[in-house]
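Asks: What follows is the file start.cif, containing mmCIF, C-alpha atoms and all ligand atoms:
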```
data_upload
#
loop_
_atom_site.group_PDB
_atom_site.id
_atom_site.type_symbol
_atom_site.label_atom_id
_atom_site.label_comp_id
_atom_site.auth_asym_id
_atom_site.auth_seq_id
_atom_site.Cartn_x
_atom_site.Cartn_y
_atom_site.Cartn_z
ATOM 1 C CA MET K 1 3.541 83.874 31.155
ATOM 2 C CA THR K 2 2.543 82.669 27.731
ATOM 3 C CA LEU K 3 5.696 80.774 26.741
ATOM 4 C CA ASP K 4 6.358 79.010 30.051
ATOM 5 C CA GLY K 5 9.175 76.456 29.656
ATOM 6 C CA THR K 6 8.901 76.306 25.853
ATOM 7 C CA VAL K 7 12.006 76.293 23.630
ATOM 8 C CA THR K 8 12.327 78.679 20.683
ATOM 9 C CA VAL K 9 15.111 78.905 18.138
ATOM 10 C CA VAL K 10 15.918 82.436 16.991
ATOM 11 C CA THR K 11 18.083 82.390 13.859
ATOM 12 C CA GLY K 12 20.200 85.515 13.544
ATOM 13 C CA GLY K 13 19.549 85.734 17.276
ATOM 14 C CA ALA K 14 22.707 87.746 17.973
ATOM 15 C CA GLY K 15 21.469 90.655 15.829
ATOM 16 C CA GLY K 16 19.500 93.727 16.833
ATOM 17 C CA ILE K 17 15.967 92.409 16.299
ATOM 18 C CA GLY K 18 16.952 88.836 17.281
ATOM 19 C CA MET K 19 18.272 89.952 20.680
ATOM 20 C CA ALA K 20 15.094 91.919 21.369
ATOM 21 C CA VAL K 21 13.012 88.859 20.434
ATOM 22 C CA GLY K 22 15.152 86.769 22.801
ATOM 23 C CA ARG K 23 14.576 89.215 25.667
ATOM 24 C CA HIS K 24 10.807 89.121 25.120
ATOM 25 C CA ILE K 25 10.747 85.309 24.989
ATOM 26 C CA ILE K 26 12.646 85.125 28.293
ATOM 27 C CA ALA K 27 10.243 87.681 29.808
ATOM 28 C CA GLU K 28 7.367 85.375 28.812
ATOM 29 C CA GLY K 29 9.001 82.437 30.636
ATOM 30 C CA GLY K 30 10.407 80.742 27.528
ATOM 31 C CA LYS K 31 13.873 79.386 26.684
ATOM 32 C CA VAL K 32 15.886 80.782 23.769
ATOM 33 C CA ALA K 33 18.383 79.125 21.460
ATOM 34 C CA VAL K 34 20.398 81.801 19.694
ATOM 35 C CA LEU K 35 21.501 80.373 16.334
ATOM 36 C CA ASP K 36 23.836 82.665 14.466
ATOM 37 C CA ILE K 37 26.595 82.379 11.888
ATOM 38 C CA ASP K 38 28.851 84.278 14.309
ATOM 39 C CA ALA K 39 29.697 81.760 17.054
ATOM 40 C CA ASP K 40 31.173 84.263 19.539
ATOM 41 C CA ARG K 41 28.247 86.662 19.244
ATOM 42 C CA ALA K 42 25.788 83.764 19.572
ATOM 43 C CA CYS K 43 27.406 82.702 22.873
ATOM 44 C CA ASP K 44 27.653 86.282 24.164
ATOM 45 C CA ALA K 45 24.003 86.882 23.270
ATOM 46 C CA ALA K 46 22.886 83.700 25.031
ATOM 47 C CA GLN K 47 24.857 84.661 28.134
ATOM 48 C CA SER K 48 23.440 88.151 28.248
ATOM 49 C CA LEU K 49 19.866 86.882 27.775
ATOM 50 C CA GLY K 50 19.786 84.341 30.595
ATOM 51 C CA SER K 51 21.398 81.376 32.203
ATOM 52 C CA SER K 52 23.365 79.606 29.478
ATOM 53 C CA GLY K 53 22.545 75.877 29.255
ATOM 54 C CA VAL K 54 19.385 76.357 31.374
ATOM 55 C CA THR K 55 17.209 79.007 29.736
ATOM 56 C CA THR K 56 19.476 79.930 26.825
ATOM 57 C CA ALA K 57 21.985 78.390 24.437
ATOM 58 C CA GLY K 58 24.279 80.078 21.940
ATOM 59 C CA ILE K 59 24.970 77.875 18.933
ATOM 60 C CA ARG K 60 26.756 78.546 15.647
ATOM 61 C CA ALA K 61 24.654 77.700 12.592
ATOM 62 C CA ASP K 62 24.600 78.960 9.022
ATOM 63 C CA VAL K 63 21.030 79.113 7.711
ATOM 64 C CA THR K 64 22.248 78.571 4.137
ATOM 65 C CA ASP K 65 23.771 75.197 5.029
ATOM 66 C CA PRO K 66 21.363 72.275 5.719
ATOM 67 C CA GLU K 67 24.014 70.240 7.579
ATOM 68 C CA SER K 68 24.929 73.128 9.829
ATOM 69 C CA LEU K 69 21.232 73.615 10.638
ATOM 70 C CA GLU K 70 20.826 69.875 11.295
ATOM 71 C CA ASP K 71 23.658 70.008 13.862
ATOM 72 C CA GLY K 72 22.364 73.271 15.318
ATOM 73 C CA PHE K 73 18.796 72.072 15.908
ATOM 74 C CA ARG K 74 20.080 68.786 17.379
ATOM 75 C CA ALA K 75 22.215 70.750 19.822
ATOM 76 C CA VAL K 76 19.184 72.846 20.788
ATOM 77 C CA VAL K 77 17.143 69.773 21.746
ATOM 78 C CA ASP K 78 20.089 68.244 23.626
ATOM 79 C CA ARG K 79 20.752 71.415 25.603
ATOM 80 C CA LEU K 80 17.303 72.944 26.158
ATOM 81 C CA GLY K 81 14.630 70.330 25.303
ATOM 82 C CA PRO K 82 12.028 69.778 22.558
ATOM 83 C CA LEU K 83 11.304 72.569 20.108
ATOM 84 C CA TYR K 84 8.194 74.753 20.366
ATOM 85 C CA GLY K 85 9.019 77.828 18.295
ATOM 86 C CA LEU K 86 11.105 79.272 15.487
ATOM 87 C CA VAL K 87 11.776 82.934 14.676
ATOM 88 C CA THR K 88 13.807 83.510 11.504
ATOM 89 C CA CYS K 89 15.726 86.738 12.116
ATOM 90 C CA ALA K 90 18.856 85.730 10.155
ATOM 91 C CA GLY K 91 19.138 88.157 7.294
ATOM 92 C CA ILE K 92 21.463 90.366 5.310
ATOM 93 C CA ARG K 93 20.815 93.487 3.334
ATOM 94 C CA GLN K 94 23.840 94.188 1.209
ATOM 95 C CA THR K 95 24.792 97.537 -0.263
ATOM 96 C CA SER K 96 22.645 98.883 -3.091
ATOM 97 C CA ALA K 97 23.147 98.515 -6.815
ATOM 98 C CA PRO K 98 20.823 99.041 -9.785
ATOM 99 C CA VAL K 99 19.631 95.891 -11.547
ATOM 100 C CA ALA K 100 21.556 96.742 -14.740
ATOM 101 C CA SER K 101 24.842 96.294 -12.894
ATOM 102 C CA PHE K 102 23.804 94.090 -9.966
ATOM 103 C CA PRO K 103 26.634 91.616 -9.247
ATOM 104 C CA TYR K 104 25.362 88.057 -9.552
ATOM 105 C CA GLU K 105 27.205 86.825 -6.450
ATOM 106 C CA ARG K 106 25.661 89.576 -4.363
ATOM 107 C CA TRP K 107 22.171 88.754 -5.673
ATOM 108 C CA LYS K 108 22.702 85.080 -4.928
ATOM 109 C CA ARG K 109 23.977 85.696 -1.380
ATOM 110 C CA VAL K 110 20.966 87.853 -0.407
ATOM 111 C CA LEU K 111 18.537 85.270 -1.797
ATOM 112 C CA ASP K 112 20.522 82.460 -0.131
ATOM 113 C CA VAL K 113 20.414 83.941 3.361
ATOM 114 C CA ASP K 114 17.101 85.801 3.374
ATOM 115 C CA LEU K 115 14.877 83.444 1.367
ATOM 116 C CA PHE K 116 16.540 80.036 1.124
ATOM 117 C CA GLY K 117 17.713 80.334 4.745
ATOM 118 C CA THR K 118 14.124 80.950 5.824
ATOM 119 C CA PHE K 119 13.020 77.870 3.882
ATOM 120 C CA LEU K 120 15.792 75.661 5.280
ATOM 121 C CA SER K 121 15.294 76.645 8.918
ATOM 122 C CA SER K 122 11.494 76.449 8.634
ATOM 123 C CA ARG K 123 11.736 73.043 6.960
ATOM 124 C CA LYS K 124 13.831 71.673 9.818
ATOM 125 C CA ALA K 125 11.629 73.233 12.502
ATOM 126 C CA ALA K 126 8.386 72.123 10.820
ATOM 127 C CA ALA K 127 9.567 68.503 10.670
ATOM 128 C CA MET K 128 10.360 68.570 14.411
ATOM 129 C CA MET K 129 7.070 70.296 15.264
ATOM 130 C CA LEU K 130 5.042 67.795 13.215
ATOM 131 C CA GLU K 131 6.541 64.962 15.281
ATOM 132 C CA ARG K 132 5.251 66.630 18.458
ATOM 133 C CA GLY K 133 1.996 68.034 17.054
ATOM 134 C CA GLU K 134 2.576 71.584 18.299
ATOM 135 C CA GLY K 135 4.547 74.652 17.413
ATOM 136 C CA SER K 136 4.621 78.170 16.066
ATOM 137 C CA ILE K 137 6.827 79.770 13.414
ATOM 138 C CA VAL K 138 7.346 83.498 12.865
ATOM 139 C CA THR K 139 9.316 84.544 9.810
ATOM 140 C CA ILE K 140 10.803 88.012 9.479
ATOM 141 C CA GLY K 141 10.147 89.754 6.194
ATOM 142 C CA SER K 142 10.306 93.509 5.595
ATOM 143 C CA THR K 143 8.210 96.367 4.297
ATOM 144 C CA SER K 144 10.517 95.942 1.272
ATOM 145 C CA ALA K 145 8.299 92.971 0.387
ATOM 146 C CA THR K 146 5.559 95.371 -0.689
ATOM 147 C CA LEU K 147 7.408 98.686 -1.219
ATOM 148 C CA PRO K 148 9.829 98.619 -4.176
ATOM 149 C CA ARG K 149 13.202 100.128 -3.262
ATOM 150 C CA ILE K 150 15.615 101.518 -5.846
ATOM 151 C CA GLY K 151 18.868 99.531 -5.658
ATOM 152 C CA GLN K 152 17.341 96.757 -3.537
ATOM 153 C CA ALA K 153 16.005 94.284 -6.110
ATOM 154 C CA ALA K 154 17.531 91.249 -4.389
ATOM 155 C CA TYR K 155 16.336 92.191 -0.907
ATOM 156 C CA CYS K 156 12.810 93.148 -2.052
ATOM 157 C CA THR K 157 12.535 89.911 -4.047
ATOM 158 C CA ALA K 158 13.744 87.796 -1.135
ATOM 159 C CA LYS K 159 11.388 89.424 1.366
ATOM 160 C CA ALA K 160 8.368 89.167 -0.972
ATOM 161 C CA GLY K 161 9.258 85.481 -1.238
ATOM 162 C CA VAL K 162 9.345 85.135 2.564
ATOM 163 C CA ALA K 163 5.743 86.390 2.833
ATOM 164 C CA ALA K 164 4.474 84.040 0.098
ATOM 165 C CA PHE K 165 6.451 81.133 1.570
ATOM 166 C CA THR K 166 4.993 81.721 5.041
ATOM 167 C CA LYS K 167 1.418 81.575 3.726
ATOM 168 C CA VAL K 168 2.026 78.210 2.052
ATOM 169 C CA LEU K 169 3.751 76.948 5.209
ATOM 170 C CA ALA K 170 0.739 78.023 7.288
ATOM 171 C CA LEU K 171 -1.655 76.184 4.974
ATOM 172 C CA GLU K 172 0.397 73.003 5.081
ATOM 173 C CA LEU K 173 0.819 72.965 8.874
ATOM 174 C CA ALA K 174 -2.654 74.131 9.880
ATOM 175 C CA GLU K 175 -4.313 70.728 10.175
ATOM 176 C CA SER K 176 -1.599 69.691 12.647
ATOM 177 C CA GLY K 177 -2.330 72.712 14.834
ATOM 178 C CA ILE K 178 0.994 74.381 14.006
ATOM 179 C CA ARG K 179 0.868 78.065 13.039
ATOM 180 C CA ALA K 180 3.105 80.177 10.797
ATOM 181 C CA ASN K 181 3.021 83.965 10.509
ATOM 182 C CA CYS K 182 5.271 86.675 9.111
ATOM 183 C CA VAL K 183 6.256 90.055 10.578
ATOM 184 C CA ASN K 184 7.306 92.780 8.143
ATOM 185 C CA PRO K 185 9.357 95.322 10.114
ATOM 186 C CA GLY K 186 9.809 98.847 8.840
ATOM 187 C CA SER K 187 13.075 100.743 9.255
ATOM 188 C CA THR K 188 14.432 99.650 12.640
ATOM 189 C CA ALA K 189 17.355 101.031 14.626
ATOM 190 C CA THR K 190 19.848 98.120 14.434
ATOM 191 C CA GLY K 191 23.238 97.524 12.805
ATOM 192 C CA MET K 192 21.479 97.395 9.413
ATOM 193 C CA VAL K 193 21.055 101.175 9.576
ATOM 194 C CA ASP K 194 24.742 101.501 8.601
ATOM 195 C CA LEU K 195 23.898 100.242 5.096
ATOM 196 C CA TRP K 196 21.539 103.102 4.340
ATOM 197 C CA SER K 197 24.108 105.650 3.246
ATOM 198 C CA SER K 198 25.417 104.183 -0.029
ATOM 199 C CA PRO K 199 25.425 106.495 -3.079
ATOM 200 C CA ILE K 200 22.049 105.352 -4.414
ATOM 201 C CA GLU K 201 20.411 104.592 -1.072
ATOM 202 C CA SER K 202 18.787 107.168 1.119
ATOM 203 C CA GLY K 203 19.877 107.972 4.659
ATOM 204 C CA VAL K 204 17.849 107.997 7.867
ATOM 205 C CA GLU K 205 16.185 111.376 7.151
ATOM 206 C CA ASP K 206 14.896 110.179 3.765
ATOM 207 C CA ARG K 207 13.586 107.048 5.406
ATOM 208 C CA ILE K 208 11.572 108.977 7.935
ATOM 209 C CA HIS K 209 10.353 111.853 5.777
ATOM 210 C CA GLY K 210 10.249 110.200 2.342
ATOM 211 C CA ASN K 211 11.865 111.374 -0.882
ATOM 212 C CA LEU K 212 9.877 111.579 -4.105
ATOM 213 C CA GLN K 213 12.985 111.584 -6.310
ATOM 214 C CA ARG K 214 14.051 108.293 -4.835
ATOM 215 C CA PHE K 215 10.494 107.006 -4.873
ATOM 216 C CA ARG K 216 10.640 106.502 -1.129
ATOM 217 C CA ALA K 217 7.615 106.569 1.168
ATOM 218 C CA GLY K 218 8.143 108.151 4.580
ATOM 219 C CA VAL K 219 7.191 106.900 8.037
ATOM 220 C CA PRO K 220 3.923 108.504 9.224
ATOM 221 C CA LEU K 221 4.943 107.990 12.885
ATOM 222 C CA ARG K 222 8.093 110.019 11.984
ATOM 223 C CA ARG K 223 10.753 107.864 13.630
ATOM 224 C CA LEU K 224 12.528 104.531 13.270
ATOM 225 C CA ALA K 225 11.229 101.477 15.111
ATOM 226 C CA ARG K 226 12.951 100.271 18.246
ATOM 227 C CA PRO K 227 13.864 96.554 18.030
ATOM 228 C CA GLU K 228 11.628 95.948 21.080
ATOM 229 C CA GLU K 229 8.610 97.201 19.130
ATOM 230 C CA ILE K 230 9.226 94.568 16.461
ATOM 231 C CA ALA K 231 9.849 91.889 19.100
ATOM 232 C CA ASP K 232 6.514 92.634 20.808
ATOM 233 C CA SER K 233 4.571 91.637 17.699
ATOM 234 C CA VAL K 234 6.835 88.671 16.978
ATOM 235 C CA VAL K 235 6.297 87.213 20.448
ATOM 236 C CA PHE K 236 2.549 87.845 20.253
ATOM 237 C CA LEU K 237 2.410 85.782 17.030
ATOM 238 C CA LEU K 238 4.751 83.152 18.478
ATOM 239 C CA SER K 239 2.717 82.634 21.650
ATOM 240 C CA PRO K 240 -0.698 81.042 22.248
ATOM 241 C CA ARG K 241 -2.092 84.593 22.681
ATOM 242 C CA SER K 242 -2.532 84.513 18.885
ATOM 243 C CA SER K 243 -3.879 80.956 18.799
ATOM 244 C CA TYR K 244 -6.422 81.685 16.031
ATOM 245 C CA ILE K 245 -4.025 83.594 13.738
ATOM 246 C CA THR K 246 -2.084 81.796 11.023
ATOM 247 C CA GLY K 247 -0.810 82.741 7.563
ATOM 248 C CA HIS K 248 -0.884 86.421 8.519
ATOM 249 C CA VAL K 249 1.651 88.999 7.339
ATOM 250 C CA LEU K 250 1.831 91.787 9.922
ATOM 251 C CA ALA K 251 3.428 95.122 9.018
ATOM 252 C CA VAL K 252 5.112 96.732 12.047
ATOM 253 C CA ASP K 253 6.316 99.839 10.281
ATOM 254 C CA GLY K 254 4.952 103.072 11.771
ATOM 255 C CA GLY K 255 2.511 103.283 8.878
ATOM 256 C CA GLU K 256 5.173 103.196 6.137
ATOM 257 C CA SER K 257 3.200 100.740 4.003
ATOM 258 C CA ILE K 258 -0.192 102.440 4.326
ATOM 259 C CA ILE K 259 -1.618 102.873 0.832
HETATM 260 N N1 LIG K 301 16.765 96.716 10.724
HETATM 261 C C1 LIG K 301 15.839 96.993 9.821
HETATM 262 O O1 LIG K 301 15.586 98.154 9.455
HETATM 263 C C2 LIG K 301 15.012 95.867 9.236
HETATM 264 C C3 LIG K 301 13.849 96.219 8.529
HETATM 265 C C4 LIG K 301 13.077 95.212 7.963
HETATM 266 C C5 LIG K 301 13.452 93.877 8.114
HETATM 267 N N2 LIG K 301 14.573 93.561 8.816
HETATM 268 C C6 LIG K 301 14.908 92.136 8.912
HETATM 269 O O2 LIG K 301 14.997 91.748 10.274
HETATM 270 C C7 LIG K 301 15.936 90.663 10.418
HETATM 271 C C8 LIG K 301 16.937 91.030 11.511
HETATM 272 O O3 LIG K 301 17.609 92.218 11.129
HETATM 273 P P1 LIG K 301 18.480 93.107 12.130
HETATM 274 O O4 LIG K 301 18.142 94.528 11.853
HETATM 275 O O5 LIG K 301 18.393 92.564 13.512
HETATM 276 O O6 LIG K 301 19.939 92.840 11.511
HETATM 277 P P2 LIG K 301 21.316 92.467 12.201
HETATM 278 O O7 LIG K 301 22.325 92.623 11.117
HETATM 279 O O8 LIG K 301 21.484 93.191 13.481
HETATM 280 O O9 LIG K 301 21.123 90.903 12.536
HETATM 281 C C9 LIG K 301 21.150 89.881 11.571
HETATM 282 C C10 LIG K 301 21.793 88.653 12.204
HETATM 283 O O10 LIG K 301 21.755 87.586 11.234
HETATM 284 C C11 LIG K 301 22.978 86.885 11.338
HETATM 285 N N3 LIG K 301 23.229 86.146 10.097
HETATM 286 C C12 LIG K 301 23.585 86.673 8.886
HETATM 287 N N4 LIG K 301 23.760 85.696 7.994
HETATM 288 C C13 LIG K 301 23.509 84.530 8.639
HETATM 289 C C14 LIG K 301 23.530 83.161 8.248
HETATM 290 N N5 LIG K 301 23.878 82.788 6.999
HETATM 291 N N6 LIG K 301 23.188 82.218 9.164
HETATM 292 C C15 LIG K 301 22.874 82.572 10.430
HETATM 293 N N7 LIG K 301 22.847 83.855 10.865
HETATM 294 C C16 LIG K 301 23.166 84.814 9.978
HETATM 295 C C17 LIG K 301 24.028 87.964 11.615
HETATM 296 O O11 LIG K 301 25.229 87.433 12.162
HETATM 297 C C18 LIG K 301 23.274 88.868 12.574
HETATM 298 O O12 LIG K 301 23.493 88.509 13.932
HETATM 299 C C19 LIG K 301 16.566 90.488 9.027
HETATM 300 O O13 LIG K 301 15.934 89.423 8.364
HETATM 301 C C20 LIG K 301 16.260 91.804 8.322
HETATM 302 O O14 LIG K 301 16.205 91.641 6.916
HETATM 303 C C21 LIG K 301 15.366 94.522 9.377
#
```
Just give me the structure as structure tokens.
Ligand SMILES: NC(=O)c1ccc[n+]([C@@H]2O[C@H](COP(=O)([O-])OP(=O)(O)OC[C@H]3O[C@@H](n4cnc5c(N)ncnc54)[C@H](O)[C@@H]3O)[C@@H](O)[C@H]2O)c1
Replies:
Amino acid sequence: MTLDGTVTVVTGGAGGIGMAVGRHIIAEGGKVAVLDIDADRACDAAQSLGSSGVTTAGIRADVTDPESLEDGFRAVVDRLGPLYGLVTCAGIRQTSAPVASFPYERWKRVLDVDLFGTFLSSRKAAAMMLERGEGSIVTIGSTSATLPRIGQAAYCTAKAGVAAFTKVLALELAESGIRANCVNPGSTATGMVDLWSSPIESGVEDRIHGNLQRFRAGVPLRRLARPEEIADSVVFLLSPRSSYITGHVLAVDGGESII
């Protein structure tokens, strides 16, 4: 078991991909702190993953709020022990709008959660890992980082930023033996799927088969990802099995971003 006794924070851990990551961490012998803006779902997730207070903890934290993160990470150490890992699954992908009429507040919220939230949680985790001289961070980007999506300027911008941010983080932490990598999932069957049917977005069929009019690439493997398939790669990069990999951006997307 590659994560034996180690403690990992999963932000957005009550969501579809976050829960799958939690299950994989537990299967590798690790402990999971589910940090999520939704307190009830964080506690329910922790309870369903393992023994709450022993191998799991469900804690409310908002990744856009430094004080909330400060309290959340302190609670993790108090309840589960010193931090080994961070996986940044907290993310939102709001409904589509073209740039010419993109509401500023909506733009700001997506950047706040998806990009600034990744910075704030990584900053806190990195400081704790540097004190101990070990650790591993996996950020969650998206194929949207490299594939422009009509109506998704904020999300694409945020996720491109996550990949660039992770590379700088990896460079800065490398000499302390701490690694940072990014996973870019393709279209994955979670609650986010519900947002794909707005007037200017494409539905599931367009996602899988592509649509030239919408400038959308299809998925060569011809299906959505299962959250477990994303979690497999995340936990590989989190664990010492990938001990010589840092600063890598791994597409887990059924071939969607092949060019
Ligand atoms: N599902 C997909 O197709 C897909 C594809 C590519 C990338 N991703 C990325 O994967 C990550 C997880 O997505 P998912 O599909 O599991 O979505 P999800 O909506 O199921 O989960 C997201 C979780 O983040 C939490 N969250 C939202 N705002 C937060 C905040 N401010 N602070 C703390 N937690 C917050 C939500 O409560 C939720 O539990 C996201 O970053 C998403 O952008 C998803």
Asks: Please identify all protein, DNA and RNA residues within 8 Å of ligand LIG 301 (chain K), counting only C-alpha atoms and all ligand atoms, and report them as a CSV table (one decimal) with C-alpha atoms, in the coordinates of the input.
Replies:
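Writing the result to pocket.csv gives the following:
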```
chain,number,residue,atom,x,y,z
K,11,THR,CA,18.1,82.4,13.9
K,12,GLY,CA,20.2,85.5,13.5
K,13,GLY,CA,19.5,85.7,17.3
K,14,ALA,CA,22.7,87.7,18.0
K,15,GLY,CA,21.5,90.7,15.8
K,16,GLY,CA,19.5,93.7,16.8
K,17,ILE,CA,16.0,92.4,16.3
K,18,GLY,CA,17.0,88.8,17.3
K,19,MET,CA,18.3,90.0,20.7
K,35,LEU,CA,21.5,80.4,16.3
K,36,ASP,CA,23.8,82.7,14.5
K,37,ILE,CA,26.6,82.4,11.9
K,38,ASP,CA,28.9,84.3,14.3
K,41,ARG,CA,28.2,86.7,19.2
K,42,ALA,CA,25.8,83.8,19.6
K,60,ARG,CA,26.8,78.5,15.6
K,61,ALA,CA,24.7,77.7,12.6
K,62,ASP,CA,24.6,79.0,9.0
K,63,VAL,CA,21.0,79.1,7.7
K,64,THR,CA,22.2,78.6,4.1
K,65,ASP,CA,23.8,75.2,5.0
K,88,THR,CA,13.8,83.5,11.5
K,89,CYS,CA,15.7,86.7,12.1
K,90,ALA,CA,18.9,85.7,10.2
K,91,GLY,CA,19.1,88.2,7.3
K,92,ILE,CA,21.5,90.4,5.3
K,93,ARG,CA,20.8,93.5,3.3
K,112,ASP,CA,20.5,82.5,-0.1
K,113,VAL,CA,20.4,83.9,3.4
K,114,ASP,CA,17.1,85.8,3.4
K,117,GLY,CA,17.7,80.3,4.7
K,140,ILE,CA,10.8,88.0,9.5
K,141,GLY,CA,10.1,89.8,6.2
K,142,SER,CA,10.3,93.5,5.6
K,143,THR,CA,8.2,96.4,4.3
K,144,SER,CA,10.5,95.9,1.3
K,155,TYR,CA,16.3,92.2,-0.9
K,159,LYS,CA,11.4,89.4,1.4
K,184,ASN,CA,7.3,92.8,8.1
K,185,PRO,CA,9.4,95.3,10.1
K,186,GLY,CA,9.8,98.8,8.8
K,187,SER,CA,13.1,100.7,9.3
K,188,THR,CA,14.4,99.6,12.6
K,189,ALA,CA,17.4,101.0,14.6
K,190,THR,CA,19.8,98.1,14.4
K,191,GLY,CA,23.2,97.5,12.8
K,192,MET,CA,21.5,97.4,9.4
K,193,VAL,CA,21.1,101.2,9.6
K,225,ALA,CA,11.2,101.5,15.1
K,227,PRO,CA,13.9,96.6,18.0
```
Asks: May I ask which of the residues K:Gly81, K:Pro240, K:Gly151, K:Gly72 is the closest one to Val7 in chain K, counting only C-alpha atoms?
Replies: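 Nearest candidate to Val7 in chain K out of K:Gly81, K:Pro240, K:Gly151, K:Gly72: K:Gly81.
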Asks: For Ser176 in chain K, which of K:Ile208, K:Ala127, K:Leu238, K:Ala145 is the closest residue, counting only C-alpha atoms?
Replies: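 Of the candidates, the smallest distance to Ser176 in chain K is held by K:Ala127.
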Asks: May I have the protein, DNA and RNA residues with any atom at most 9 Å from the point (9.1, 74.9, 6.7), counting all atoms listed in the file, written as number ranges by chain?
Replies: K: 118-127, 137, 165-166, 169-170, 173, 180
Asks: Go ahead and compute the interatomic distance for CA of Tyr244 in chain K and CA of Thr56 in chain K, in Å to one decimal.
Replies: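 According to the coordinates, CA of Tyr244 in chain K and CA of Thr56 in chain K are separated by 28.1 Å.
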Asks: State, in Å with one decimal place, the distance from CA of Ala160 in chain K to CA of Gln213 in chain K.
Replies: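 Atom-to-atom, CA of Ala160 in chain K to CA of Gln213 in chain K, that is 23.5 Å.
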Asks: Mind telling me what the PyMOL selection byres (((chain K and resi 154) around 12) and not hetatm) catches here, as JSON, numbers by chain?
Replies: {"K": [92, 93, 94, 95, 96, 97, 98, 99, 102, 103, 104, 105, 106, 107, 108, 109, 110, 111, 112, 113, 114, 115, 144, 145, 148, 149, 150, 151, 152, 153, 155, 156, 157, 158, 159, 160, 161]}
Asks: Can you work out the spacing between CA of Arg179 in chain K and CA of Gly50 in chain K in Å, to one decimal?
Replies: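 Going from CA of Arg179 in chain K over to CA of Gly50 in chain K, I get 26.6 Å.
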Asks: Which one is closest to Ala57 in chain K: K:Leu171, K:Leu69, K:Val183, K:Val34? Count only C-alpha atoms.
Replies: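 The shortest atom-to-atom distance to Ala57 in chain K comes from K:Val34.
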Asks: Quick one: which residues end up in the PyMOL selection byres (((chain K and resi 8) around 6) and not hetatm) for this structure, as a ChimeraX atom specification?
Replies: /K:7,9,32,84-86
Asks: In the coordinates of the file, take the point (9.8, 108.4, -2.7) and a cut-off of 12 Å; then, counting only C-alpha atoms, name each qualifying protein, DNA or RNA residue as number ranges by chain.
Replies: K: 147-150, 201-202, 206-219, 256
Asks: Please provide as a list in words all residues within 12 Å of Pro82 in chain K, with the sequence filter that same-chain residues fewer than 4 positions apart are discarded (counting only C-alpha atoms).
Replies: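 Residues meeting the cut-off are Gly5, Thr6, Val7, Thr8, Val9, Lys31, Val32, Ala33, Phe73, Arg74, Ala75, Val76, Val77, Asp78, Leu86, Ala125, Met128, Met129, Leu130, Glu131, Arg132, Gly133, Glu134 and Gly135 of chain K.
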Asks: Identify, on the basis of all atoms listed in the file, every residue whose closest approach to Asp232 in chain K does not exceed 9 Å; exclude the query and any residue fewer than 5 positions from it along the same chain; express the result as number ranges by chain.
Replies: K: 20-21, 24, 227, 237
Asks: Once the PyMOL selection byres (((chain K and resi 181) around 6) and not hetatm) has been applied to the shown file, what residues remain in the selection, as a list in words?
Replies: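 On the file shown, the PyMOL selection byres (((chain K and resi 181) around 6) and not hetatm) covers Val138, Ala180, Cys182, Thr246, Gly247 and His248 of chain K.
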Asks: With distances taken over only C-alpha atoms, which residue among K:Ser239, K:Gly254, K:Val249, K:Ser48 lies nearest Arg222 in chain K?
Replies: K:Gly254
Asks: Nearest to Ile230 in chain K among K:Ala46, K:Ala164, K:Thr2, K:Arg23, with distances taken over only C-alpha atoms: which residue is it?
Replies: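 Among the listed residues, the smallest separation from Ile230 in chain K belongs to K:Arg23.
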Asks: Taking into account only C-alpha atoms, which residue in the set K:Thr139, K:Ser242, K:Thr55, K:Gln47 is nearest to Ala27 in chain K?
Replies: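 Smallest distance to Ala27 in chain K is found for K:Thr55.
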Asks: For range 50-58 of chain K, where the input has fewer atoms than it should, I would like N, CA and C atoms rebuilt and written as a PDB file, keeping the file's coordinate frame.
Replies:
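Wrote it out as result-v9.pdb, contents follow:
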```pdb
ATOM      1  N   GLY K  50      20.241  85.155  29.462  1.00  0.00           N
ATOM      2  CA  GLY K  50      19.786  84.341  30.595  1.00  0.00           C
ATOM      3  C   GLY K  50      20.869  83.399  31.040  1.00  0.00           C
ATOM      4  N   SER K  51      20.448  82.316  31.642  1.00  0.00           N
ATOM      5  CA  SER K  51      21.398  81.376  32.203  1.00  0.00           C
ATOM      6  C   SER K  51      21.747  80.333  31.140  1.00  0.00           C
ATOM      7  N   SER K  52      22.971  80.449  30.594  1.00  0.00           N
ATOM      8  CA  SER K  52      23.365  79.606  29.478  1.00  0.00           C
ATOM      9  C   SER K  52      23.317  78.126  29.850  1.00  0.00           C
ATOM     10  N   GLY K  53      22.695  77.310  28.974  1.00  0.00           N
ATOM     11  CA  GLY K  53      22.545  75.877  29.255  1.00  0.00           C
ATOM     12  C   GLY K  53      21.290  75.566  30.041  1.00  0.00           C
ATOM     13  N   VAL K  54      20.632  76.578  30.614  1.00  0.00           N
ATOM     14  CA  VAL K  54      19.385  76.357  31.374  1.00  0.00           C
ATOM     15  C   VAL K  54      18.224  77.016  30.629  1.00  0.00           C
ATOM     16  N   THR K  55      18.289  78.331  30.482  1.00  0.00           N
ATOM     17  CA  THR K  55      17.209  79.007  29.736  1.00  0.00           C
ATOM     18  C   THR K  55      17.672  79.499  28.365  1.00  0.00           C
ATOM     19  N   THR K  56      18.983  79.482  28.133  1.00  0.00           N
ATOM     20  CA  THR K  56      19.476  79.930  26.825  1.00  0.00           C
ATOM     21  C   THR K  56      20.613  79.032  26.339  1.00  0.00           C
ATOM     22  N   ALA K  57      20.826  79.064  25.020  1.00  0.00           N
ATOM     23  CA  ALA K  57      21.985  78.390  24.437  1.00  0.00           C
ATOM     24  C   ALA K  57      22.433  79.196  23.238  1.00  0.00           C
ATOM     25  N   GLY K  58      23.727  79.384  23.102  1.00  0.00           N
ATOM     26  CA  GLY K  58      24.279  80.078  21.940  1.00  0.00           C
ATOM     27  C   GLY K  58      24.962  79.059  21.038  1.00  0.00           C
TER      28      GLY K  58
END
```
